[in-house]
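All remarks here apply to the structure that follows.
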Amino acid sequence: MKTYDVIVIGAGNGGLAAAATCAREGLSTLLVERHNIPGGSASSFVRGRFEFEPSLHELAGVGAPDKSGQIEDMFLRMGGDVEWCTHDSTFRLVVPAKAGEKDAFVNENGVLVKVDARMPVGFEPFARKLDELVPGSYESCMKAFDLSTRMYKALDCLDNLKKLPGSIKDFPDILRMVSHTMKEVLDALGMPKKAQDIFNTYWCYLGSPASKLDFLYYMAMLHSYVEYGTGIPKYRSHEMSLALDKVIRESGGDIWYNSEATRIIMRDGKPAGVVINGEKEVYAKYIISNSYPYAVFKDLFEKKDIPEKQLKMLKSRKTACSLTTVYLGMNKTKEELGIKDYSVFVAPDSDSDKQYEAAQNFKSGFCIINCLNEIIPDCTPEGTCQLFLTTMTFGDVMKDVRPQDYKKFKTEIAKDMIETCEKALGLSIMPYIEEIEIALPTTFVRYLNTPFGTPYGYMLEKWDSMIPRTVQYLGDQPFDNFFFCGASQERGDGYGCAYYTGEKAGGLVVNAIKKEGK
């Protein structure tokens with residue numbers, strides 16, 4: 001029986017990056033995946049005339065035509081060939097108002113709103129636009145971006161585990177920011193509350209509101225969006241998955257689809273291999289798992305083999321948010337519908353903590369509406385466009401839905417989300433729907449095998465934020481030859497974060513095997 005250098009469990013974003021990194025460095029690599037295609041929710045599906053993007057709203061850090069960003073650089077390192085489409089925009093935030101509400105105004109769509117903020121690319125333009133919307137916010141905004149610029153140097157230091165702890169002292173501003181929330185830092189910088197609310201619009205991409213969200217973590221993402229704008233693969237996120245599949249195979253790695261890891265084989269107190277589909281045994285020196293830690297320890301290990309610290313960690317961390325997405329194939333163009341933006345965040349209140357509280361159930365009034373044609377004009381047939389509407393929830397929101405009521409329930413949720421966007425943006429969507437598909441948290445459970453279908457891993461809270469997780473990364477792994485990657489790790493949710501953790505885990509295995517003198 002062949003023994004691999006490394007087995008990677010799960011061909012999601014992190015697993016693909018880990019396997020590509022290992023295979024490119026000449027390690028004998030096996031990637032196993034229970035589905036018949038790579039990517040998890042990083043794929044695509046077809047309904048009628050439309051090919052839909054399941055989960056990727058947009059990528060931060062792809063780059064611009066004249067300079068590459070972190071994501072493009074990462075794919076270049078891994079050898080993945082992707083055709084990128086970029087858009088010089090960040091987000092638009094729209095908060096509807098009630099008649100007679102203070103400071104309300106009628107926007108360009110003829111809708112009464114409290115906030116309508118369309119934010120540009122570029123640190124200076126972004127800060128000036130914020131100051132236009134909220135006078136007196138320019139200086140604090142620029143100070144925040146100055147911190148984020150210096151922050152990247154500190155993150156490079158943190159990622160080089162050999163350099164710790166001494167060299168981190170070279171970044172005193174970052175040390176002061178460690179484990180502080182967005183609210184705490186922006187308050188200290190003197191940013192007005194309304195400006196903070198606009199500044200924090202992307203919080204939902206990370207799953208924690210401003211009072212809980214780690215400043216450095218959020219700024220790493222916002223910095224990339226404001227510096228580079230929005231990016232996405234031309235052929236949906238499945239293009240990235242197939243690109244890395246190709247890298248792995250061309251580098252000599254093996255990929256087994258329809259192959260579910262059902263048990264970890266233990267020898268001398270350490271993982272030594274994986275049982276596939278309940279019968280076939282495959283062995284390896286190292287194992288990397290892209291699967292959710294809770295599922296791995298519950299389904300693949302015997303309880304006696306799980307380190308006590310892992311059980312304590314699982315009990316202490318909270319599951320992050322789940323998503324519901326409505327996919328719409330429209331028989332009108334975006335121009336005919338009156339859509340001018342790629343990403344619009346519709347919220348009942350501009351305050352992220354109030355948005356978070358509202359998201360404890362489905363009908364929150366919070367919805368993100370994306371129009372893929374704004375960034376990829378020819379992604380649908382002529383005379384059409386596609387939209388996807390996304391909202392988030394927390395916890396087991398499906399527990400009271402009976403199987404016989406499921407279809408009716410998800411239809412009602414979709415109707416509510418569509419009407420929310422129609423009212424907030426002054427659009428007519430319902431009459432022009434040609435194709436519709438609805439994915440509730442239970443749909444993502446089937447794809448991701450995570451609690452409540454969360455793609456976000458665990459909530460990054462003040463005590464358990466990006467910096468402590470990064471510093472403690474090796475100590476948080478269950479064995480010295482078993483590593484996790486993906487959304488459950490130090491950088492939480494996001495395609496870029498998942499690829500980053502996969503590349504990191506793969507790099508650790510490569511370095512370890514090189515030290516062994518292979």
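A note on labels: chains of the structure tokens are A, B, ... as shown, every chain counts residues from 1, and ligands are counted from 1 in their shown order.
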A:Lys363 surroundings by only C-alpha atoms, 12 Å radius, close-in-sequence under 3 positions cut, as a PyMOL selection string | chain A and resi 324+347-348+355+357-360+366-367+391-393+397+409-410+412-420
With C-alpha atoms kept, could you save the residues just selected as a PDB file, in the first residue's frame?
```pdb
ATOM      1  CA  THR A 324     -29.471  32.173   2.649  1.00  0.00           C
ATOM      2  CA  ALA A 347     -30.093  47.274   5.992  1.00  0.00           C
ATOM      3  CA  PRO A 348     -32.847  48.267   8.447  1.00  0.00           C
ATOM      4  CA  GLN A 355     -28.010  44.576  12.018  1.00  0.00           C
ATOM      5  CA  GLU A 357     -29.390  41.585  16.379  1.00  0.00           C
ATOM      6  CA  ALA A 358     -31.893  41.689  13.511  1.00  0.00           C
ATOM      7  CA  ALA A 359     -30.140  38.751  11.860  1.00  0.00           C
ATOM      8  CA  GLN A 360     -31.079  36.396  14.672  1.00  0.00           C
ATOM      9  CA  PHE A 366     -31.006  42.939   5.834  1.00  0.00           C
ATOM     10  CA  CYS A 367     -30.052  41.816   2.335  1.00  0.00           C
ATOM     11  CA  THR A 391     -29.008  37.400   3.947  1.00  0.00           C
ATOM     12  CA  MET A 392     -27.491  35.917   7.071  1.00  0.00           C
ATOM     13  CA  THR A 393     -28.793  34.269  10.222  1.00  0.00           C
ATOM     14  CA  VAL A 397     -33.005  28.957  12.519  1.00  0.00           C
ATOM     15  CA  PHE A 409     -41.121  28.313   3.987  1.00  0.00           C
ATOM     16  CA  LYS A 410     -38.223  28.944   1.620  1.00  0.00           C
ATOM     17  CA  GLU A 412     -41.782  32.974   1.724  1.00  0.00           C
ATOM     18  CA  ILE A 413     -38.206  33.819   2.721  1.00  0.00           C
ATOM     19  CA  ALA A 414     -37.256  34.468  -0.904  1.00  0.00           C
ATOM     20  CA  LYS A 415     -40.325  36.645  -1.426  1.00  0.00           C
ATOM     21  CA  ASP A 416     -39.460  38.700   1.650  1.00  0.00           C
ATOM     22  CA  MET A 417     -35.857  39.206   0.474  1.00  0.00           C
ATOM     23  CA  ILE A 418     -36.942  40.256  -3.017  1.00  0.00           C
ATOM     24  CA  GLU A 419     -39.499  42.714  -1.651  1.00  0.00           C
ATOM     25  CA  THR A 420     -36.904  44.142   0.751  1.00  0.00           C
TER      26      THR A 420
END
```
From a DSSP calculation on the backbone, collect every residue of stretch 29-119 of chain A in helix (DSSP H, G or I) and output the set as a VMD selection string.
-> chain A and resid 70 to 78
Residue set, stretch 195-430 of chain A restricted to strand (DSSP E), as number ranges by chain | A: 230-233, 254-256, 261-267, 270-276, 280-289, 322-330, 343-346, 367-371, 385-393
Choose the residue, out of A:Val471, A:Ala188, A:Ile436, A:Met398, that has the smallest atom-to-atom separation from A:Ser322; count only C-alpha atoms.
->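 For A:Ser322, the nearest of the candidates is A:Met398.
Proximity to A:Val134 was assessed for A:Phe75, A:Tyr205, A:Phe199, A:Phe301 counting only C-alpha atoms; the smallest distance is recorded for A:Phe199.
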Quick one: which stretch 358-439 of chain A residues come within 9 Å of stretch 39-49 of chain A, and what is the nearest atom pair for each with the distance in Å to one decimal, counting only C-alpha atoms, rows ordered by chain and ascending number, as a Markdown table?
```
| residue | atom | partner | partner_atom | distance |
| --- | --- | --- | --- | --- |
| A:Thr380 | CA | A:Arg49 | CA | 7.6 |
| A:Pro381 | CA | A:Arg49 | CA | 7.1 |
| A:Glu434 | CA | A:Gly48 | CA | 8.5 |
| A:Glu435 | CA | A:Arg47 | CA | 6.7 |
| A:Ile436 | CA | A:Arg47 | CA | 8.0 |
| A:Glu437 | CA | A:Arg47 | CA | 8.0 |
```
Can you tell me which residues surround stretch 337-343 of chain A at a distance of at most 9 Å, considering only C-alpha atoms, apart from same-chain residues fewer than 6 positions away, and format the answer as a PDB file with N, CA, C and O atoms, in the first residue's frame?
```
ATOM      1  N   HIS A  57     -19.440  36.464  -3.480  1.00  0.00           N
ATOM      2  CA  HIS A  57     -19.914  37.807  -3.786  1.00  0.00           C
ATOM      3  C   HIS A  57     -18.857  38.574  -4.549  1.00  0.00           C
ATOM      4  O   HIS A  57     -19.109  39.154  -5.603  1.00  0.00           O
ATOM      5  N   GLU A  58     -17.669  38.581  -3.989  1.00  0.00           N
ATOM      6  CA  GLU A  58     -16.564  39.311  -4.605  1.00  0.00           C
ATOM      7  C   GLU A  58     -15.305  38.981  -3.828  1.00  0.00           C
ATOM      8  O   GLU A  58     -15.355  38.503  -2.698  1.00  0.00           O
ATOM      9  N   HIS A  87     -13.495  45.388 -10.911  1.00  0.00           N
ATOM     10  CA  HIS A  87     -14.453  46.496 -10.963  1.00  0.00           C
ATOM     11  C   HIS A  87     -13.991  47.547  -9.965  1.00  0.00           C
ATOM     12  O   HIS A  87     -13.699  47.227  -8.807  1.00  0.00           O
ATOM     13  N   SER A  89     -14.950  49.522  -7.729  1.00  0.00           N
ATOM     14  CA  SER A  89     -15.984  49.914  -6.768  1.00  0.00           C
ATOM     15  C   SER A  89     -15.779  49.144  -5.475  1.00  0.00           C
ATOM     16  O   SER A  89     -15.091  48.121  -5.451  1.00  0.00           O
ATOM     17  N   THR A  90     -16.361  49.639  -4.418  1.00  0.00           N
ATOM     18  CA  THR A  90     -16.382  48.882  -3.173  1.00  0.00           C
ATOM     19  C   THR A  90     -17.837  48.481  -2.901  1.00  0.00           C
ATOM     20  O   THR A  90     -18.275  47.431  -3.329  1.00  0.00           O
ATOM     21  N   PHE A  91     -18.604  49.336  -2.214  1.00  0.00           N
ATOM     22  CA  PHE A  91     -19.969  48.963  -1.876  1.00  0.00           C
ATOM     23  C   PHE A  91     -20.887  50.179  -1.917  1.00  0.00           C
ATOM     24  O   PHE A  91     -20.440  51.335  -1.903  1.00  0.00           O
ATOM     25  N   ARG A  92     -22.173  49.891  -1.930  1.00  0.00           N
ATOM     26  CA  ARG A  92     -23.197  50.905  -1.717  1.00  0.00           C
ATOM     27  C   ARG A  92     -24.042  50.438  -0.536  1.00  0.00           C
ATOM     28  O   ARG A  92     -24.489  49.292  -0.493  1.00  0.00           O
ATOM     29  N   LEU A  93     -24.241  51.306   0.434  1.00  0.00           N
ATOM     30  CA  LEU A  93     -25.083  51.016   1.595  1.00  0.00           C
ATOM     31  C   LEU A  93     -26.348  51.852   1.516  1.00  0.00           C
ATOM     32  O   LEU A  93     -26.272  53.080   1.397  1.00  0.00           O
ATOM     33  N   ASN A 109     -33.122  57.056  -6.602  1.00  0.00           N
ATOM     34  CA  ASN A 109     -34.143  56.091  -7.008  1.00  0.00           C
ATOM     35  C   ASN A 109     -35.546  56.499  -6.575  1.00  0.00           C
ATOM     36  O   ASN A 109     -36.500  55.743  -6.763  1.00  0.00           O
ATOM     37  N   ARG A 118     -22.481  55.430  -1.608  1.00  0.00           N
ATOM     38  CA  ARG A 118     -21.811  54.691  -2.681  1.00  0.00           C
ATOM     39  C   ARG A 118     -20.320  55.023  -2.577  1.00  0.00           C
ATOM     40  O   ARG A 118     -19.891  56.122  -2.898  1.00  0.00           O
ATOM     41  N   THR A 230     -13.118  45.535  -6.534  1.00  0.00           N
ATOM     42  CA  THR A 230     -13.735  44.213  -6.482  1.00  0.00           C
ATOM     43  C   THR A 230     -13.189  43.330  -7.600  1.00  0.00           C
ATOM     44  O   THR A 230     -12.973  43.789  -8.716  1.00  0.00           O
ATOM     45  N   ILE A 368     -28.115  41.625   0.909  1.00  0.00           N
ATOM     46  CA  ILE A 368     -27.106  42.084  -0.048  1.00  0.00           C
ATOM     47  C   ILE A 368     -27.589  41.687  -1.428  1.00  0.00           C
ATOM     48  O   ILE A 368     -27.950  40.525  -1.653  1.00  0.00           O
ATOM     49  N   ILE A 369     -27.603  42.632  -2.358  1.00  0.00           N
ATOM     50  CA  ILE A 369     -28.003  42.329  -3.727  1.00  0.00           C
ATOM     51  C   ILE A 369     -26.822  42.559  -4.659  1.00  0.00           C
ATOM     52  O   ILE A 369     -26.215  43.629  -4.642  1.00  0.00           O
ATOM     53  N   ASN A 370     -26.465  41.515  -5.400  1.00  0.00           N
ATOM     54  CA  ASN A 370     -25.362  41.591  -6.359  1.00  0.00           C
ATOM     55  C   ASN A 370     -25.893  41.359  -7.762  1.00  0.00           C
ATOM     56  O   ASN A 370     -26.770  40.515  -7.970  1.00  0.00           O
ATOM     57  N   CYS A 371     -25.339  42.080  -8.709  1.00  0.00           N
ATOM     58  CA  CYS A 371     -25.653  41.881 -10.126  1.00  0.00           C
ATOM     59  C   CYS A 371     -24.360  41.501 -10.832  1.00  0.00           C
ATOM     60  O   CYS A 371     -23.479  42.343 -11.028  1.00  0.00           O
ATOM     61  N   LEU A 372     -24.230  40.221 -11.193  1.00  0.00           N
ATOM     62  CA  LEU A 372     -22.983  39.726 -11.764  1.00  0.00           C
ATOM     63  C   LEU A 372     -22.651  40.397 -13.093  1.00  0.00           C
ATOM     64  O   LEU A 372     -21.475  40.556 -13.449  1.00  0.00           O
ATOM     65  N   ASN A 373     -23.683  40.834 -13.832  1.00  0.00           N
ATOM     66  CA  ASN A 373     -23.441  41.474 -15.129  1.00  0.00           C
ATOM     67  C   ASN A 373     -22.719  42.806 -15.006  1.00  0.00           C
ATOM     68  O   ASN A 373     -22.130  43.288 -15.975  1.00  0.00           O
ATOM     69  N   GLU A 374     -22.758  43.412 -13.840  1.00  0.00           N
ATOM     70  CA  GLU A 374     -22.071  44.683 -13.635  1.00  0.00           C
ATOM     71  C   GLU A 374     -20.561  44.504 -13.728  1.00  0.00           C
ATOM     72  O   GLU A 374     -19.838  45.415 -14.139  1.00  0.00           O
ATOM     73  N   ILE A 375     -20.084  43.310 -13.367  1.00  0.00           N
ATOM     74  CA  ILE A 375     -18.643  43.057 -13.402  1.00  0.00           C
ATOM     75  C   ILE A 375     -18.257  42.129 -14.550  1.00  0.00           C
ATOM     76  O   ILE A 375     -17.153  42.196 -15.078  1.00  0.00           O
ATOM     77  N   LEU A 425     -34.575  49.914  -3.072  1.00  0.00           N
ATOM     78  CA  LEU A 425     -33.868  50.430  -4.238  1.00  0.00           C
ATOM     79  C   LEU A 425     -34.798  50.979  -5.305  1.00  0.00           C
ATOM     80  O   LEU A 425     -34.338  51.417  -6.365  1.00  0.00           O
ATOM     81  N   GLY A 426     -36.093  50.939  -5.050  1.00  0.00           N
ATOM     82  CA  GLY A 426     -37.035  51.467  -6.020  1.00  0.00           C
ATOM     83  C   GLY A 426     -37.043  50.675  -7.314  1.00  0.00           C
ATOM     84  O   GLY A 426     -37.201  51.241  -8.403  1.00  0.00           O
ATOM     85  N   LEU A 427     -36.860  49.350  -7.211  1.00  0.00           N
ATOM     86  CA  LEU A 427     -36.791  48.484  -8.380  1.00  0.00           C
ATOM     87  C   LEU A 427     -38.039  47.617  -8.492  1.00  0.00           C
ATOM     88  O   LEU A 427     -38.746  47.395  -7.514  1.00  0.00           O
ATOM     89  N   SER A 428     -38.255  47.095  -9.674  1.00  0.00           N
ATOM     90  CA  SER A 428     -39.277  46.074  -9.886  1.00  0.00           C
ATOM     91  C   SER A 428     -38.560  44.808 -10.333  1.00  0.00           C
ATOM     92  O   SER A 428     -37.983  44.771 -11.433  1.00  0.00           O
ATOM     93  N   ILE A 429     -38.539  43.806  -9.493  1.00  0.00           N
ATOM     94  CA  ILE A 429     -37.813  42.565  -9.757  1.00  0.00           C
ATOM     95  C   ILE A 429     -38.753  41.400 -10.034  1.00  0.00           C
ATOM     96  O   ILE A 429     -38.582  40.654 -11.003  1.00  0.00           O
ATOM     97  N   TYR A 432     -40.101  40.030 -13.534  1.00  0.00           N
ATOM     98  CA  TYR A 432     -39.158  39.724 -14.603  1.00  0.00           C
ATOM     99  C   TYR A 432     -38.271  38.517 -14.281  1.00  0.00           C
ATOM    100  O   TYR A 432     -37.254  38.293 -14.928  1.00  0.00           O
TER     101      TYR A 432
END
```
Distance atom CA of A:Leu311-atom CA of A:Thr181, one decimal place?
->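 Straight-line distance from atom CA of A:Leu311 to atom CA of A:Thr181 works out to 27.0 Å.
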